[in-house]
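Below is start.tsv, holding TSV, C-alpha atoms.
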```tsv
chain	number	residue	atom	x	y	z
A	1	MET	CA	-41.06	-22.77	2.69
A	2	ASN	CA	-43.85	-23.15	5.25
A	3	ALA	CA	-45.08	-20.41	7.52
A	4	VAL	CA	-46.58	-20.75	10.98
A	5	LEU	CA	-49.05	-18.60	12.90
A	6	GLY	CA	-47.41	-15.55	14.43
A	7	GLN	CA	-44.42	-15.62	12.10
A	8	VAL	CA	-42.96	-12.29	11.04
A	9	VAL	CA	-42.83	-11.96	7.24
A	10	LEU	CA	-41.70	-9.29	4.80
A	11	SER	CA	-43.61	-8.64	1.60
A	12	LYS	CA	-41.39	-8.79	-1.46
A	13	ALA	CA	-44.03	-8.20	-4.14
A	14	GLY	CA	-47.13	-6.12	-4.68
A	15	ARG	CA	-48.31	-2.76	-3.46
A	16	ASP	CA	-47.19	-3.61	0.09
A	17	GLU	CA	-43.60	-4.45	-0.95
A	18	GLY	CA	-41.10	-3.93	1.86
A	19	LYS	CA	-43.68	-3.91	4.67
A	20	ILE	CA	-43.54	-6.18	7.69
A	21	PHE	CA	-46.54	-8.36	8.55
A	22	VAL	CA	-47.51	-11.20	10.88
A	23	VAL	CA	-49.03	-14.45	9.64
A	24	THR	CA	-52.53	-14.58	11.13
A	25	GLY	CA	-53.98	-17.45	9.15
A	26	LEU	CA	-52.95	-20.48	7.13
A	27	ILE	CA	-54.99	-21.31	4.03
A	28	ASP	CA	-52.98	-24.03	2.28
A	29	ASP	CA	-49.43	-24.79	1.16
A	30	SER	CA	-49.32	-21.72	-1.10
A	31	TYR	CA	-51.38	-19.04	0.69
A	32	VAL	CA	-51.44	-17.37	4.10
A	33	LEU	CA	-53.34	-14.49	5.67
A	34	ILE	CA	-51.22	-11.59	6.89
A	35	SER	CA	-51.97	-8.55	9.03
A	36	ASP	CA	-50.06	-5.59	10.36
A	37	GLY	CA	-52.73	-4.21	12.69
A	38	ASN	CA	-52.79	-0.94	10.81
A	39	SER	CA	-53.46	-0.92	7.07
A	40	ARG	CA	-54.27	-4.64	7.14
A	41	ARG	CA	-56.27	-5.24	10.28
A	42	LEU	CA	-57.09	-8.59	11.83
A	43	GLU	CA	-60.70	-8.23	10.72
A	44	ASN	CA	-59.62	-7.94	7.07
A	45	PRO	CA	-56.30	-9.75	6.56
A	46	LYS	CA	-54.49	-9.88	3.22
A	47	LYS	CA	-54.40	-13.19	1.38
A	48	LYS	CA	-50.85	-13.55	0.09
A	49	LYS	CA	-48.86	-16.21	-1.74
A	50	LEU	CA	-45.89	-17.57	0.17
A	51	LYS	CA	-43.63	-17.03	-2.83
A	52	HIS	CA	-44.29	-13.28	-2.49
A	53	LEU	CA	-43.09	-13.22	1.12
A	54	ILE	CA	-39.72	-13.38	2.81
A	55	ILE	CA	-40.26	-15.62	5.81
A	56	THR	CA	-38.14	-14.71	8.83
A	57	ASP	CA	-37.12	-16.94	11.72
A	58	ASN	CA	-39.01	-14.70	14.15
A	59	VAL	CA	-42.29	-16.00	15.58
A	60	ILE	CA	-44.36	-13.90	17.95
A	61	GLU	CA	-45.48	-16.63	20.33
A	62	ALA	CA	-48.07	-14.52	22.19
A	63	ILE	CA	-49.97	-13.78	18.99
A	64	ALA	CA	-49.62	-17.33	17.67
A	65	GLN	CA	-50.98	-18.76	20.91
A	66	LYS	CA	-53.96	-16.39	21.00
A	67	ILE	CA	-54.93	-17.04	17.39
A	68	SER	CA	-54.58	-20.81	17.63
A	69	SER	CA	-56.57	-21.01	20.87
A	70	GLY	CA	-59.33	-18.72	19.56
A	71	GLU	CA	-58.68	-15.93	22.07
A	72	LYS	CA	-59.26	-12.32	21.09
A	73	CYS	CA	-56.11	-10.77	19.63
A	74	THR	CA	-56.18	-7.01	19.09
A	75	ASN	CA	-54.72	-4.92	16.30
A	76	ALA	CA	-52.79	-2.95	18.92
A	77	GLU	CA	-51.02	-6.14	20.03
A	78	VAL	CA	-50.03	-6.88	16.44
A	79	ARG	CA	-48.79	-3.32	15.87
A	80	LYS	CA	-46.77	-3.39	19.09
A	81	ALA	CA	-45.17	-6.73	18.19
A	82	ILE	CA	-44.27	-5.51	14.68
A	83	VAL	CA	-42.63	-2.37	16.07
A	84	GLU	CA	-40.12	-4.62	17.84
A	85	TYR	CA	-39.20	-6.20	14.48
A	86	ASN	CA	-39.34	-3.02	12.41
A	87	LEU	CA	-35.65	-3.10	11.58
A	88	PRO	CA	-33.91	-2.29	8.30
A	89	VAL	CA	-34.59	-5.00	5.72
A	90	ASP	CA	-30.93	-6.12	5.70
A	91	THR	CA	-31.10	-7.16	9.36
A	92	ILE	CA	-34.32	-9.18	8.98
A	93	VAL	CA	-33.36	-11.39	6.07
```

Just give me the structure as structure tokens.
Amino acid sequence: MNAVLGQVVLSKAGRDEGKIFVVTGLIDDSYVLISDGNSRRLENPKKKKLKHLIITDNVIEAIAQKISSGEKCTNAEVRKAIVEYNLPVDTIV
């Protein structure tokens, strides 16, 4: 159950349950940093356990490439990418 940068995830526990996020940082085998560009901005990502996330097969390559290369990625880019994946929960899982 490993996540990669730019992967679209769905929170299944906590106050943000049911929300869609993008993995913006990898801490270790159990924790990742997630952002949605709105309530959780890139400047202040949420540290979340992998067991509290539903990991989808969708990876936003543009965001992953920018983060891994150290380029500036904006919150607007993250929001725009999430809008494309903002489908009913049944279609994501």

Q: Work out how far atom CA of Thr56 of chain A is from atom CA of Glu71 of chain A, in Å to one decimal.
A: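 Spanning atom CA of Glu71 of chain A to atom CA of Thr56 of chain A is a straight-line distance of 24.5 Å.
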
(Q) Calculated over all atoms listed in the file, which of the candidates A:Thr74, A:Gln65, A:Asn2, A:Gln7 has the smallest distance to Gly37 of chain A? (A) A:Thr74

Q: List the neighbours of Arg41 of chain A out to 12 Å using all atoms listed in the file; skip same-chain residues closer than 6 positions along the sequence, and give me the result as a list in words.
A: Phe21, Val22, Val23, Thr24, Leu33, Ile34, Ser35, Cys73, Thr74, Asn75, Ala76, Glu77, Val78 and Arg79 of chain A

Q) Using all atoms listed in the file, which of the listed residues (A:Lys80, A:Lys49, A:Lys66, A:Arg40) sits closest to Gly14 of chain A? A)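 Ranked by minimum distance to Gly14 of chain A, first place goes to A:Lys49.
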
Q) Hey, which of A:Val4, A:Ile27, A:Ile20, A:Ala13 ends up closest to Ile82 of chain A? Count all atoms listed in the file. A)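 When distances to Ile82 of chain A are compared using all atoms listed in the file, the smallest one comes from A:Ile20.
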
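If you measure from each of A:Lys72, A:Tyr31, A:Lys12, A:Ile67 to Ile54 of chain A using all atoms listed in the file, the closest one turns out to be A:Lys12.
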
Q) Interatomic distance between atom CA of Ala3 of chain A and atom CA of Ala62 of chain A? A)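 Distance between the two atoms: 16.1 Å.
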
**Q.** Gap from atom CA of Ala64 of chain A to atom CA of Leu5 of chain A - Å, one decimal
**A.**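 Separation between atom CA of Ala64 of chain A and atom CA of Leu5 of chain A: 5.0 Å.
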
Q | Option closest in space to Gly25 of chain A, from A:Ile60, A:Asn38, A:Val8, A:Ser68 [counting only C-alpha atoms] | A | A:Ser68

Would you mind writing segment 42-61 of chain A with N, CA and C atoms, as a PDB file, in the coordinates of the input?
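Now in rebuild-v2.pdb:
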```
ATOM      1  N   LEU A  42     -56.739  -7.197  11.592  1.00  0.00           N
ATOM      2  CA  LEU A  42     -57.090  -8.590  11.830  1.00  0.00           C
ATOM      3  C   LEU A  42     -58.463  -8.957  11.283  1.00  0.00           C
ATOM      4  N   GLU A  43     -59.365  -7.984  11.229  1.00  0.00           N
ATOM      5  CA  GLU A  43     -60.700  -8.230  10.720  1.00  0.00           C
ATOM      6  C   GLU A  43     -60.713  -8.405   9.203  1.00  0.00           C
ATOM      7  N   ASN A  44     -59.696  -7.889   8.521  1.00  0.00           N
ATOM      8  CA  ASN A  44     -59.620  -7.940   7.070  1.00  0.00           C
ATOM      9  C   ASN A  44     -58.189  -8.235   6.628  1.00  0.00           C
ATOM     10  N   PRO A  45     -57.698  -9.443   6.896  1.00  0.00           N
ATOM     11  CA  PRO A  45     -56.300  -9.750   6.560  1.00  0.00           C
ATOM     12  C   PRO A  45     -56.100  -9.888   5.056  1.00  0.00           C
ATOM     13  N   LYS A  46     -54.860  -9.756   4.634  1.00  0.00           N
ATOM     14  CA  LYS A  46     -54.490  -9.880   3.220  1.00  0.00           C
ATOM     15  C   LYS A  46     -54.158 -11.334   2.911  1.00  0.00           C
ATOM     16  N   LYS A  47     -54.743 -11.859   1.852  1.00  0.00           N
ATOM     17  CA  LYS A  47     -54.400 -13.190   1.380  1.00  0.00           C
ATOM     18  C   LYS A  47     -53.172 -13.024   0.480  1.00  0.00           C
ATOM     19  N   LYS A  48     -52.108 -13.752   0.793  1.00  0.00           N
ATOM     20  CA  LYS A  48     -50.850 -13.550   0.090  1.00  0.00           C
ATOM     21  C   LYS A  48     -50.201 -14.893  -0.213  1.00  0.00           C
ATOM     22  N   LYS A  49     -49.601 -15.001  -1.389  1.00  0.00           N
ATOM     23  CA  LYS A  49     -48.860 -16.210  -1.740  1.00  0.00           C
ATOM     24  C   LYS A  49     -47.545 -16.242  -0.984  1.00  0.00           C
ATOM     25  N   LEU A  50     -47.155 -17.422  -0.556  1.00  0.00           N
ATOM     26  CA  LEU A  50     -45.890 -17.570   0.170  1.00  0.00           C
ATOM     27  C   LEU A  50     -44.700 -17.165  -0.668  1.00  0.00           C
ATOM     28  N   LYS A  51     -44.770 -17.381  -1.982  1.00  0.00           N
ATOM     29  CA  LYS A  51     -43.630 -17.030  -2.830  1.00  0.00           C
ATOM     30  C   LYS A  51     -43.429 -15.523  -2.926  1.00  0.00           C
ATOM     31  N   HIS A  52     -44.415 -14.735  -2.495  1.00  0.00           N
ATOM     32  CA  HIS A  52     -44.290 -13.280  -2.490  1.00  0.00           C
ATOM     33  C   HIS A  52     -43.887 -12.736  -1.129  1.00  0.00           C
ATOM     34  N   LEU A  53     -43.487 -13.623  -0.228  1.00  0.00           N
ATOM     35  CA  LEU A  53     -43.090 -13.220   1.120  1.00  0.00           C
ATOM     36  C   LEU A  53     -41.690 -13.715   1.443  1.00  0.00           C
ATOM     37  N   ILE A  54     -40.980 -12.931   2.219  1.00  0.00           N
ATOM     38  CA  ILE A  54     -39.720 -13.380   2.810  1.00  0.00           C
ATOM     39  C   ILE A  54     -40.075 -13.805   4.228  1.00  0.00           C
ATOM     40  N   ILE A  55     -39.895 -15.077   4.509  1.00  0.00           N
ATOM     41  CA  ILE A  55     -40.260 -15.620   5.810  1.00  0.00           C
ATOM     42  C   ILE A  55     -39.057 -15.523   6.737  1.00  0.00           C
ATOM     43  N   THR A  56     -39.229 -14.859   7.867  1.00  0.00           N
ATOM     44  CA  THR A  56     -38.140 -14.710   8.830  1.00  0.00           C
ATOM     45  C   THR A  56     -38.185 -15.853   9.833  1.00  0.00           C
ATOM     46  N   ASP A  57     -37.174 -15.925  10.663  1.00  0.00           N
ATOM     47  CA  ASP A  57     -37.120 -16.940  11.720  1.00  0.00           C
ATOM     48  C   ASP A  57     -37.867 -16.496  12.965  1.00  0.00           C
ATOM     49  N   ASN A  58     -38.355 -15.266  12.976  1.00  0.00           N
ATOM     50  CA  ASN A  58     -39.010 -14.700  14.150  1.00  0.00           C
ATOM     51  C   ASN A  58     -40.474 -15.098  14.218  1.00  0.00           C
ATOM     52  N   VAL A  59     -40.888 -15.659  15.341  1.00  0.00           N
ATOM     53  CA  VAL A  59     -42.290 -16.000  15.580  1.00  0.00           C
ATOM     54  C   VAL A  59     -42.720 -15.295  16.857  1.00  0.00           C
ATOM     55  N   ILE A  60     -43.821 -14.585  16.784  1.00  0.00           N
ATOM     56  CA  ILE A  60     -44.360 -13.900  17.950  1.00  0.00           C
ATOM     57  C   ILE A  60     -45.296 -14.880  18.644  1.00  0.00           C
ATOM     58  N   GLU A  61     -44.767 -15.535  19.665  1.00  0.00           N
ATOM     59  CA  GLU A  61     -45.480 -16.630  20.330  1.00  0.00           C
ATOM     60  C   GLU A  61     -46.798 -16.184  20.957  1.00  0.00           C
TER      61      GLU A  61
END
```
